[in-house]
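Shown next, in C-alpha cells, is the structure this report addresses.
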Amino acid sequence: MSNDHDHDHGHGHGHKPPAPMVEEISDFEALEIAVRELSIEKGLFTAEDHRRFTEFAEHIGPTPAARMVAKAWLDPEYKKQCLTDGIKASLAVGVDWLNPTGFGTPSDYTDLRVLEDTPTRHHVVVCTLCSCYPRPILGFQPEWYRTPNYRRRLVRWPRQVLAEFGLQLPSEVEIRVEDSNQKCRFIVMPVRPAGTDGWTEDQLTEIVTRDCLIGVALPKPGKTSNIKLPVHKAVNPAHH
C-alpha cells in the first residue's frame with residue numbers, strides 16, 4: 001500500500017513548515033513591545049496584569065451601553081440619571097467607568113455623556129483628532145470609525161455620510177455632530193422605535209446596536225446587526 005506521507009517526504013516537498021504570514025513586525029508593534037516590557041521591568045504592572053487586561057479588553061462589547069438605553073426607555077427616572085450623570089448610570093449596567101476592569105486599571109476617560117435623540121434632532125459621534133471612543137461601555141471602535149475618511153467628512157457633510165451608512169433622515173431633522181476628545185466620551189440614546197410597546201428590557205437591548213449608539217443607524221424591530229455580508233453562490237461549487 002502506498003503512503004503519500006512518505007512519498008512526499010522522499011521528494012522533499014509537501015511538508016515544509018508554514019511560512020509566517022508577516023515576516024517583520026511594524027514599527028508600532030515594536031514600540032508596543034518595548035514599552036510593555038520596560039513597564040513590566042520597572043514594576044508599573046506585571047505580565048499577569050497585562051494578560052488580564054488584554055483578556056478583559058477583547059471581551060468588551062456594546063451590550064452594556066445598549067442595556068443602558070433600553071433601561072432608560074422603560075424607566076423615566078433612570079433616563080434622567082443617564083442624561084445628567086452617565087458615569088453613575090453606567091453602574092446599573094455593570095460598568096464602573098472609573099475602574100472598568102475591576103482590578104485596579106483606571107479609565108483614562110474623565111466623563112461619559114449620553115446624547116438624547118428627539119424626533120427633530122439626531123446625534124452622531126466622531127473623533128476628529130484620532131479615535132476617542134467609550135470603550136469601557138461600548139467595546140472597541142469599528143475600523144471605519146478610525147479612518148480619516150469618516151473623521152474628516154462627517155463634520156462637513158454629516159447628512160451625506162449618514163446616507164452612505166443607509167441612514168437617510170428627513171430635511172427637518174437637525175443633525176448634531178459630537179466630537180469625542182481626551183476629556184469626554186459620548187453614546188447616543190436613539191428615539192425608541194414604534195412597534196416595541198410591551199417589550200422587555202432584554203428585547204429592547206437586542207435592537208440597540210453598536211451603530212445606533214454611535215449614531216450612524218436607528219434601532220428597528222427585528223434588526224439586531226448593522227453588518228449584513230452578501231452571500232454569493234460559488235462559481236464552481238464543490239460536489240460531494
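In the C-alpha cells, chains take letters A, B, ... by order of appearance, with residues numbered from 1 within each chain and ligands from 1 in the order shown.
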
Go through range 160-186 of chain A and flag each residue having an atom no more than 8 Å from range 207-226 of chain A; for those, report the closest pair of atoms plus their distance in Å to one decimal, using only C-alpha atoms, ordered by chain and rising number, as a tab-separated table.
```
residue	atom	partner	partner_atom	distance
A:Leu162	CA	A:Val216	CA	5.8
A:Phe165	CA	A:Val216	CA	6.5
A:Gly166	CA	A:Ala217	CA	7.6
A:Leu167	CA	A:Ala217	CA	5.9
```

Exercise for review: Might you pull out every residue within 9 Å of range 50-62 of chain A, with only C-alpha atoms counted and same-chain residues fewer than 2 positions away left off, and present them as number ranges by chain?
Suggested key: A: 36, 40, 45-48, 64-67, 101, 103, 105, 135-140, 208-210, 213

Practice item. May I have the residues within 10 Å of range 80-87 of chain A as a VMD selection string, using only C-alpha atoms and disregarding those fewer than 2 positions away in the same chain? Key: chain A and resid 68 to 69 71 to 72 75 to 78 89 to 92 95 to 98 110 to 116 185 to 187 189

Selection above as a file: C-alpha atoms, as a PDB file, in the first residue's frame:
```pdb
ATOM      1  CA  MET A  68     -28.386  51.368  29.404  1.00  0.00           C
ATOM      2  CA  VAL A  69     -30.552  52.768  26.589  1.00  0.00           C
ATOM      3  CA  LYS A  71     -33.454  50.687  30.712  1.00  0.00           C
ATOM      4  CA  ALA A  72     -33.829  54.410  30.051  1.00  0.00           C
ATOM      5  CA  ASP A  75     -37.676  53.949  33.334  1.00  0.00           C
ATOM      6  CA  PRO A  76     -38.055  57.757  33.210  1.00  0.00           C
ATOM      7  CA  GLU A  77     -36.076  58.236  36.439  1.00  0.00           C
ATOM      8  CA  TYR A  78     -33.182  56.170  35.143  1.00  0.00           C
ATOM      9  CA  ALA A  89     -25.877  55.490  35.416  1.00  0.00           C
ATOM     10  CA  SER A  90     -23.320  53.096  33.930  1.00  0.00           C
ATOM     11  CA  LEU A  91     -23.041  51.336  37.289  1.00  0.00           C
ATOM     12  CA  ALA A  92     -26.566  49.991  36.791  1.00  0.00           C
ATOM     13  CA  VAL A  95     -19.689  49.187  34.253  1.00  0.00           C
ATOM     14  CA  ASP A  96     -17.586  51.127  36.730  1.00  0.00           C
ATOM     15  CA  TRP A  97     -16.446  53.925  34.450  1.00  0.00           C
ATOM     16  CA  LEU A  98     -13.625  54.991  36.772  1.00  0.00           C
ATOM     17  CA  THR A 110     -12.966  61.604  32.655  1.00  0.00           C
ATOM     18  CA  ASP A 111     -16.594  61.836  31.581  1.00  0.00           C
ATOM     19  CA  LEU A 112     -19.361  59.902  29.843  1.00  0.00           C
ATOM     20  CA  ARG A 113     -22.281  61.751  28.314  1.00  0.00           C
ATOM     21  CA  VAL A 114     -25.463  60.324  26.880  1.00  0.00           C
ATOM     22  CA  LEU A 115     -26.900  62.253  23.940  1.00  0.00           C
ATOM     23  CA  GLU A 116     -30.673  62.037  23.641  1.00  0.00           C
ATOM     24  CA  ARG A 185     -16.854  60.316  25.526  1.00  0.00           C
ATOM     25  CA  PHE A 186     -20.372  60.018  24.110  1.00  0.00           C
ATOM     26  CA  ILE A 187     -23.027  57.443  23.367  1.00  0.00           C
ATOM     27  CA  MET A 189     -29.716  57.364  23.050  1.00  0.00           C
TER      28      MET A 189
END
```

Practice item. Among the residues of chain A, find those DSSP assigns to helix (DSSP H, G or I) from the backbone and print them as a ChimeraX atom specification. Key: /A:4-10,27-41,47-58,63-74,76-84,86-93,135-138,143-146,148-156,158-164,201-207,210-214

Practice item. Tell me, as a list of chain:residue names, which residues lie within 12 Å of Trp199 in chain A, counting only C-alpha atoms; anything in the same chain fewer than 5 positions away does not count. Key: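 Non-adjacent residues within range: A:Ala70, A:Lys71, A:Trp73, A:Leu74, A:Arg192, A:Pro193, A:Ala194, A:Leu204, A:Thr205, A:Glu206, A:Ile207, A:Pro221.
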
Review point. Closest to Thr147 in chain A among A:Cys127, A:Val93, A:Leu169, A:Ile33, using only C-alpha atoms?
Key: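 Of A:Cys127, A:Val93, A:Leu169, A:Ile33, the one nearest Thr147 in chain A, counting only C-alpha atoms, is A:Cys127.
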
Check your understanding: Suppose you want the space between CA of Glu37 in chain A and CA of Gln182 in chain A; what is it in Å?
Key ->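 Straight-line distance from CA of Glu37 in chain A to CA of Gln182 in chain A works out to 25.8 Å.
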
Review point. How far is it from CA of Pro134 in chain A to CA of Thr63 in chain A, in Å with one decimal?
Key: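 Computing it gives 12.6 Å between the two atoms.
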